[in-house]
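What follows is run_31.txt (compact mmCIF, C-alpha atoms).
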```
# COMPACT_ATOMS: atom_id res chain seq x y z
CA MET A 733 114.52 89.83 78.83
CA TRP A 734 116.51 93.04 79.23
CA LEU A 735 115.11 95.72 76.91
CA GLN A 736 117.01 98.53 75.28
CA PRO A 737 115.24 101.89 74.84
CA GLY A 738 112.76 101.63 71.95
CA GLU A 739 112.98 97.84 71.75
CA ASP A 740 109.74 95.89 71.35
CA PHE A 741 108.27 94.07 74.32
CA PRO A 742 108.33 90.27 74.22
CA PRO A 743 104.98 88.46 73.82
CA VAL A 744 103.02 88.56 77.06
CA HIS A 745 102.76 84.76 77.21
CA GLU A 746 106.47 84.80 78.05
CA ALA A 747 105.74 86.46 81.40
CA TRP A 748 106.56 84.41 84.48
CA GLY A 749 103.72 82.13 85.53
CA PRO A 750 101.62 82.09 88.72
CA ASP A 751 103.91 79.60 90.48
CA SER A 752 107.08 81.64 89.94
CA ALA A 753 108.81 84.00 92.35
CA ALA A 754 107.42 87.02 90.49
CA PRO A 755 104.14 86.10 88.74
CA GLY A 756 103.54 88.26 85.69
CA LEU A 757 107.08 89.62 85.34
CA LEU A 758 107.80 90.01 81.63
CA ALA A 759 110.91 92.14 81.10
CA ALA A 760 113.24 94.76 82.57
CA GLY A 761 114.93 97.85 81.22
CA ALA A 762 113.81 100.18 78.40
CA GLY A 763 112.53 103.61 79.48
CA LEU A 764 109.47 105.45 80.75
CA ASP A 765 109.02 107.79 77.80
CA VAL A 766 105.52 108.50 76.51
CA GLU A 767 105.83 106.26 73.45
CA THR A 768 107.06 103.27 75.45
CA LEU A 769 104.34 103.64 78.08
CA CYS A 770 101.62 103.87 75.44
CA ARG A 771 102.97 100.78 73.66
CA ALA A 772 103.10 98.93 76.95
CA TYR A 773 99.54 99.71 78.03
CA SER A 774 98.22 98.98 74.54
CA SER A 775 99.77 95.51 74.88
CA GLY A 776 98.45 94.78 78.38
CA ILE A 777 101.78 95.59 80.08
CA PHE A 778 102.55 98.04 82.88
CA PRO A 779 105.66 99.17 84.81
CA TRP A 780 105.98 98.43 88.51
CA TYR A 781 109.19 98.56 90.53
CA SER A 782 110.65 99.96 93.73
CA ALA A 783 113.54 102.29 94.49
CA GLY A 784 116.87 100.68 93.69
CA GLN A 785 115.41 98.30 91.10
CA PRO A 786 115.53 98.59 87.32
CA ILE A 787 112.31 99.34 85.45
CA LEU A 788 110.25 96.14 85.60
CA TRP A 789 107.40 95.37 83.20
CA TRP A 790 104.47 93.12 84.13
CA SER A 791 101.54 91.33 82.51
CA PRO A 792 99.91 89.06 85.10
CA ASP A 793 97.49 86.25 84.36
CA PRO A 794 94.76 86.49 85.54
CA ARG A 795 94.17 90.24 85.39
CA MET A 796 92.05 92.18 87.87
CA VAL A 797 89.45 94.43 86.23
CA LEU A 798 86.43 96.41 87.33
CA LYS A 799 83.65 96.08 84.81
CA VAL A 800 81.78 99.34 85.35
CA ARG A 801 78.39 97.63 85.09
CA ASP A 802 79.41 95.56 88.16
CA PHE A 803 80.51 98.43 90.39
CA ARG A 804 79.21 97.57 93.84
CA LEU A 805 77.65 100.56 95.58
CA HIS A 806 77.41 99.67 99.23
CA ALA A 807 74.78 101.44 101.33
CA SER A 808 77.32 103.58 103.20
CA LEU A 809 78.96 104.77 99.99
CA ARG A 810 75.58 105.45 98.38
CA LYS A 811 74.73 107.67 101.36
CA ALA A 812 78.08 109.47 101.10
CA LEU A 813 77.62 110.02 97.34
CA ARG A 814 74.12 111.43 97.77
CA LYS A 815 75.35 113.86 100.40
CA PHE A 816 78.42 114.83 98.36
CA SER A 817 76.49 115.36 95.11
CA ARG A 818 73.96 117.62 96.84
CA THR A 819 76.30 119.69 99.02
CA GLN A 820 77.49 123.10 97.91
CA GLY A 821 81.27 123.26 97.77
CA CYS A 822 81.63 119.55 97.01
CA GLU A 823 82.68 118.77 93.46
CA ILE A 824 84.50 116.35 91.22
CA ALA A 825 87.12 117.70 88.83
CA ILE A 826 89.20 115.95 86.18
CA ASP A 827 92.79 117.03 85.51
CA ARG A 828 92.59 120.17 87.64
CA ALA A 829 95.48 119.11 89.86
CA PHE A 830 97.16 116.06 88.34
CA ASP A 831 100.57 116.87 89.81
CA GLN A 832 99.09 117.19 93.31
CA VAL A 833 97.22 113.90 92.96
CA ILE A 834 100.19 111.81 91.86
CA ALA A 835 102.41 113.47 94.45
CA GLN A 836 99.91 112.61 97.17
CA CYS A 837 99.61 109.03 95.91
CA SER A 838 103.39 108.69 96.14
CA THR A 839 103.74 109.88 99.75
CA GLY A 840 102.62 108.74 103.15
CA ALA A 841 100.01 110.37 105.33
CA ARG A 842 102.60 112.83 106.68
CA GLY A 843 104.04 113.69 103.28
CA GLU A 844 107.08 111.46 103.76
CA ARG A 845 108.11 109.44 100.75
CA THR A 846 107.32 105.76 101.19
CA ASP A 847 109.24 102.74 99.87
CA GLY A 848 106.45 102.04 97.40
CA TRP A 849 106.44 101.82 93.65
CA ILE A 850 105.58 105.44 92.77
CA VAL A 851 109.22 106.49 92.78
CA PRO A 852 110.26 109.97 91.55
CA GLU A 853 110.99 108.64 88.05
CA MET A 854 107.45 107.26 87.84
CA VAL A 855 105.99 110.58 88.98
CA GLN A 856 107.93 112.38 86.27
CA ALA A 857 106.97 109.81 83.62
CA TYR A 858 103.24 109.94 84.33
CA SER A 859 103.35 113.73 84.50
CA ARG A 860 104.75 113.65 80.97
CA LEU A 861 102.05 111.18 80.01
CA HIS A 862 99.47 113.57 81.45
CA ARG A 863 100.83 116.51 79.46
CA ALA A 864 100.61 114.32 76.35
CA GLY A 865 96.91 113.72 77.07
CA PHE A 866 97.12 110.05 78.13
CA ALA A 867 97.09 110.22 81.94
CA HIS A 868 94.29 111.78 83.97
CA SER A 869 93.35 112.56 87.53
CA VAL A 870 89.87 112.37 89.04
CA GLU A 871 89.71 114.63 92.08
CA THR A 872 87.41 115.06 95.08
CA TRP A 873 87.19 118.70 96.19
CA VAL A 874 85.49 120.08 99.30
CA ASP A 875 85.35 123.85 99.80
CA GLY A 876 88.30 124.36 97.48
CA GLU A 877 90.47 121.70 99.16
CA LEU A 878 91.68 118.55 97.44
CA THR A 879 90.56 115.76 99.79
CA GLY A 880 91.14 112.67 97.67
CA GLY A 881 91.48 111.35 94.17
CA LEU A 882 93.04 108.91 91.78
CA TYR A 883 95.06 108.89 88.60
CA CYS A 884 94.77 106.60 85.62
CA VAL A 885 95.83 106.11 82.01
CA GLY A 886 93.24 106.57 79.28
CA LEU A 887 93.81 105.22 75.78
CA GLY A 888 90.87 105.39 73.41
CA LYS A 889 87.96 103.84 75.31
CA PHE A 890 89.96 101.91 77.85
CA VAL A 891 91.00 103.06 81.30
CA PHE A 892 93.92 101.68 83.29
CA GLY A 893 93.73 102.49 86.99
CA GLU A 894 96.93 103.35 88.82
CA SER A 895 96.60 104.66 92.39
CA MET A 896 94.26 106.45 94.80
CA PHE A 897 94.66 108.58 97.91
CA SER A 898 92.35 109.96 100.55
CA ARG A 899 92.77 112.69 103.14
CA VAL A 900 89.26 112.25 104.55
CA SER A 901 86.92 109.28 104.80
CA ASP A 902 85.46 108.04 101.48
CA ALA A 903 87.20 110.69 99.36
CA SER A 904 89.02 108.16 97.17
CA LYS A 905 85.92 105.97 96.87
CA ILE A 906 83.93 109.02 95.74
CA ALA A 907 86.57 109.70 93.07
CA LEU A 908 86.39 106.07 91.91
CA ALA A 909 82.58 106.23 91.79
CA ALA A 910 82.90 109.40 89.69
CA LEU A 911 85.27 107.60 87.31
CA VAL A 912 82.79 104.72 87.02
CA GLY A 913 79.98 107.19 86.25
CA PHE A 914 82.18 108.87 83.64
CA CYS A 915 83.04 105.52 82.06
CA ARG A 916 79.40 104.40 81.92
CA ALA A 917 78.37 107.68 80.29
CA GLN A 918 81.21 107.47 77.76
CA GLY A 919 80.72 103.81 76.82
CA ILE A 920 83.90 102.60 78.54
CA ALA A 921 83.23 99.06 79.72
CA GLN A 922 85.96 98.33 82.23
CA ILE A 923 88.83 99.70 84.29
CA ASP A 924 92.07 97.79 84.60
CA CYS A 925 93.03 97.21 88.25
CA GLN A 926 96.19 95.24 87.39
CA GLN A 927 96.37 92.90 90.39
CA ARG A 928 93.89 91.61 92.94
CA THR A 929 93.30 93.53 96.17
CA ARG A 930 90.64 92.90 98.78
CA HIS A 931 89.52 96.55 98.62
CA LEU A 932 88.87 96.51 94.87
CA ALA A 933 87.20 93.11 95.07
CA SER A 934 84.78 94.54 97.64
CA LEU A 935 83.79 97.18 95.07
CA GLY A 936 83.03 94.63 92.35
CA ALA A 937 86.39 94.08 90.63
CA ARG A 938 87.24 90.52 89.63
CA GLU A 939 89.91 88.54 87.85
CA ILE A 940 89.69 87.57 84.19
CA ALA A 941 92.03 85.64 81.92
CA ARG A 942 94.87 87.72 80.50
CA GLU A 943 93.95 86.69 76.95
CA ALA A 944 90.41 88.04 77.35
CA PHE A 945 91.78 91.22 78.90
CA ILE A 946 94.20 91.86 76.04
CA ASP A 947 91.50 91.15 73.45
CA GLU A 948 89.38 93.87 75.08
CA VAL A 949 92.31 96.28 75.24
CA SER A 950 93.14 95.72 71.57
CA ALA A 951 89.52 96.39 70.58
CA LYS A 952 89.22 99.62 72.58
CA VAL A 953 92.51 101.54 72.75
CA HIS A 954 92.22 102.82 69.18
CA ALA A 955 88.61 104.01 69.56
CA PRO A 956 87.91 107.76 69.57
CA THR A 957 89.04 109.27 72.87
CA PRO A 958 86.24 110.80 74.95
CA SER A 959 86.45 114.30 76.36
CA TRP A 960 87.87 113.93 79.85
CA GLU A 961 85.47 116.21 81.71
CA PHE A 962 83.12 115.41 84.57
CA ASP A 963 79.46 116.37 84.29
CA PRO A 964 77.43 116.22 87.55
CA LEU A 965 74.78 114.39 85.53
CA TYR A 966 77.16 111.41 85.57
CA TRP A 967 76.12 110.82 89.19
CA ASP A 968 72.83 109.54 87.77
CA GLU A 969 74.76 106.66 86.20
CA ILE A 970 75.59 105.56 89.75
CA LEU A 971 72.78 106.76 92.00
CA LEU A 972 69.92 105.80 89.69
CA ASN A 973 71.12 102.22 89.63
CA ARG A 974 72.35 102.15 86.01
CA PRO A 975 73.08 99.26 85.99
CA HIS A 976 73.88 96.70 88.68
CA ALA A 977 74.49 98.94 91.66
CA ASP A 978 74.67 96.77 94.77
CA ALA A 979 75.36 93.79 92.47
CA THR A 980 77.27 90.79 93.71
CA CYS A 981 80.19 89.24 91.88
```

Kindly return the structure encoded in the file as structure tokens.
Amino acid sequence: MWLQPGEDFPPVHEAWGPDSAAPGLLAAGAGLDVETLCRAYSSGIFPWYSAGQPILWWSPDPRMVLKVRDFRLHASLRKALRKFSRTQGCEIAIDRAFDQVIAQCSTGARGERTDGWIVPEMVQAYSRLHRAGFAHSVETWVDGELTGGLYCVGLGKFVFGESMFSRVSDASKIALAALVGFCRAQGIAQIDCQQRTRHLASLGAREIAREAFIDEVSAKVHAPTPSWEFDPLYWDEILLNRPHADATC
């Protein structure tokens, strides 16, 4: 379906199936304004397209999610987190440098724009979403330098992960662990990972049926929004094994 600006999304069960050329593709068109993005995420839909393509909207089945209780803290990452949390000059910040984070996620290691999906229009759209209070960055800082981070969408008590970057080893994983600690402390049960990747699966993410995912989204997106601030005490949610650190899928 080709959508006009402001037009409702079709039901997600109309998305292309797993045996199609583009599993999960639901619609094209519309716009990337704040209202449309919020409606999309609240319905289990997200935009994903490359340069030269129209805006494409997706709702895959199954859906990859990271239930924060199942976050897998491997021994090497546990060691890195302990060192980071105890070292002066190392800190986690939320929304201190959103524009820097999304810009870094959209570029290659040398700062050259890639052919990926975070095209300039997406950067602008999520920056607007951030200013509206619905998109957030979780940042890893070392001695005043941004070394890694991620950005996500937060609606009520549901978090939708978008992209991560790292300038030094483990910096993006540390940011993800911080987000998991934040979510556990705030009563947020899971983080949407959209589609399966080996990296996220290694950290405890798994696929669930789209229907179950959307039921959870519908139950949580209208809950009171937590204060998006990181307290160092949130490391206890991870390092003190609360709960299921080192769990298997």

(message) So, with only C-alpha atoms as the atoms that count, which of A:Ala762, A:Ala829, A:Ala951, A:Val874 lies closest to Ala903 of chain A?
(response) A:Val874

(message) Taking 5 positions as the minimum chain separation for residues in the same chain, which residues sit within 9 Å of Gly821 of chain A when counting only C-alpha atoms? Answer as number ranges by chain.
(response) A: 816, 873-876

Put those residues in a file: C-alpha atoms, as a PDB file, in the frame of the given file.
```
ATOM      1  CA  PHE A 816      78.420 114.830  98.360  1.00  0.00           C
ATOM      2  CA  TRP A 873      87.190 118.700  96.190  1.00  0.00           C
ATOM      3  CA  VAL A 874      85.490 120.080  99.300  1.00  0.00           C
ATOM      4  CA  ASP A 875      85.350 123.850  99.800  1.00  0.00           C
ATOM      5  CA  GLY A 876      88.300 124.360  97.480  1.00  0.00           C
TER       6      GLY A 876
END
```

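Close contacts of Gln918 of chain A, defined as residues with an atom at most 10 Å away when counting only C-alpha atoms, with chain neighbours fewer than 6 positions off set aside, comprise Lys889, Val912, Thr957, Pro958, Ser959, Trp960 and Tyr966 of chain A.
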
Wanna dump the segment 770-823 of chain A-segment 922-929 of chain A contacts at 12 Å for me, each residue with its shortest atom pair and the distance in Å to one decimal, counting only C-alpha atoms, ordered by chain and number, as a Markdown table?
```
| residue | atom | partner | partner_atom | distance |
| --- | --- | --- | --- | --- |
| A:Tyr773 | CA | A:Asp924 | CA | 10.1 |
| A:Ser774 | CA | A:Asp924 | CA | 11.9 |
| A:Gly776 | CA | A:Gln926 | CA | 9.3 |
| A:Ile777 | CA | A:Gln926 | CA | 9.2 |
| A:Phe778 | CA | A:Gln926 | CA | 8.3 |
| A:Pro779 | CA | A:Gln926 | CA | 10.6 |
| A:Trp780 | CA | A:Gln926 | CA | 10.4 |
| A:Trp789 | CA | A:Gln926 | CA | 12.0 |
| A:Trp790 | CA | A:Gln926 | CA | 9.1 |
| A:Ser791 | CA | A:Gln926 | CA | 8.2 |
| A:Pro792 | CA | A:Gln927 | CA | 7.4 |
| A:Asp793 | CA | A:Gln927 | CA | 9.0 |
| A:Pro794 | CA | A:Gln927 | CA | 8.2 |
| A:Arg795 | CA | A:Gln926 | CA | 5.8 |
| A:Met796 | CA | A:Gln927 | CA | 5.1 |
| A:Val797 | CA | A:Asp924 | CA | 4.6 |
| A:Leu798 | CA | A:Ile923 | CA | 5.1 |
| A:Lys799 | CA | A:Gln922 | CA | 4.1 |
| A:Val800 | CA | A:Gln922 | CA | 5.3 |
| A:Arg801 | CA | A:Gln922 | CA | 8.1 |
| A:Asp802 | CA | A:Gln922 | CA | 9.3 |
| A:Phe803 | CA | A:Gln922 | CA | 9.8 |
```

(message) What's around Ser895 of chain A at 10 Å? Count only C-alpha atoms, leave out sequence neighbours fewer than 3 positions away in its own chain, and write the answer as an MDAnalysis selection string.
(response) chainID A and resid 833:834 836:838 850 869 881:884 892 904 925

(request) Choose the residue, out of A:Ala783, A:Gly886, A:Ile970, A:Glu823, that has the smallest atom-to-atom separation from Arg810 of chain A; count only C-alpha atoms. (result) A:Ile970

(request) Please identify all polymer residues within 12 Å of Ser901 of chain A, counting only C-alpha atoms, omitting same-chain residues fewer than 4 positions from it, and present them as a PyMOL selection string. (result) chain A and resi 808-809+812-813+872+879-881+897+905-907
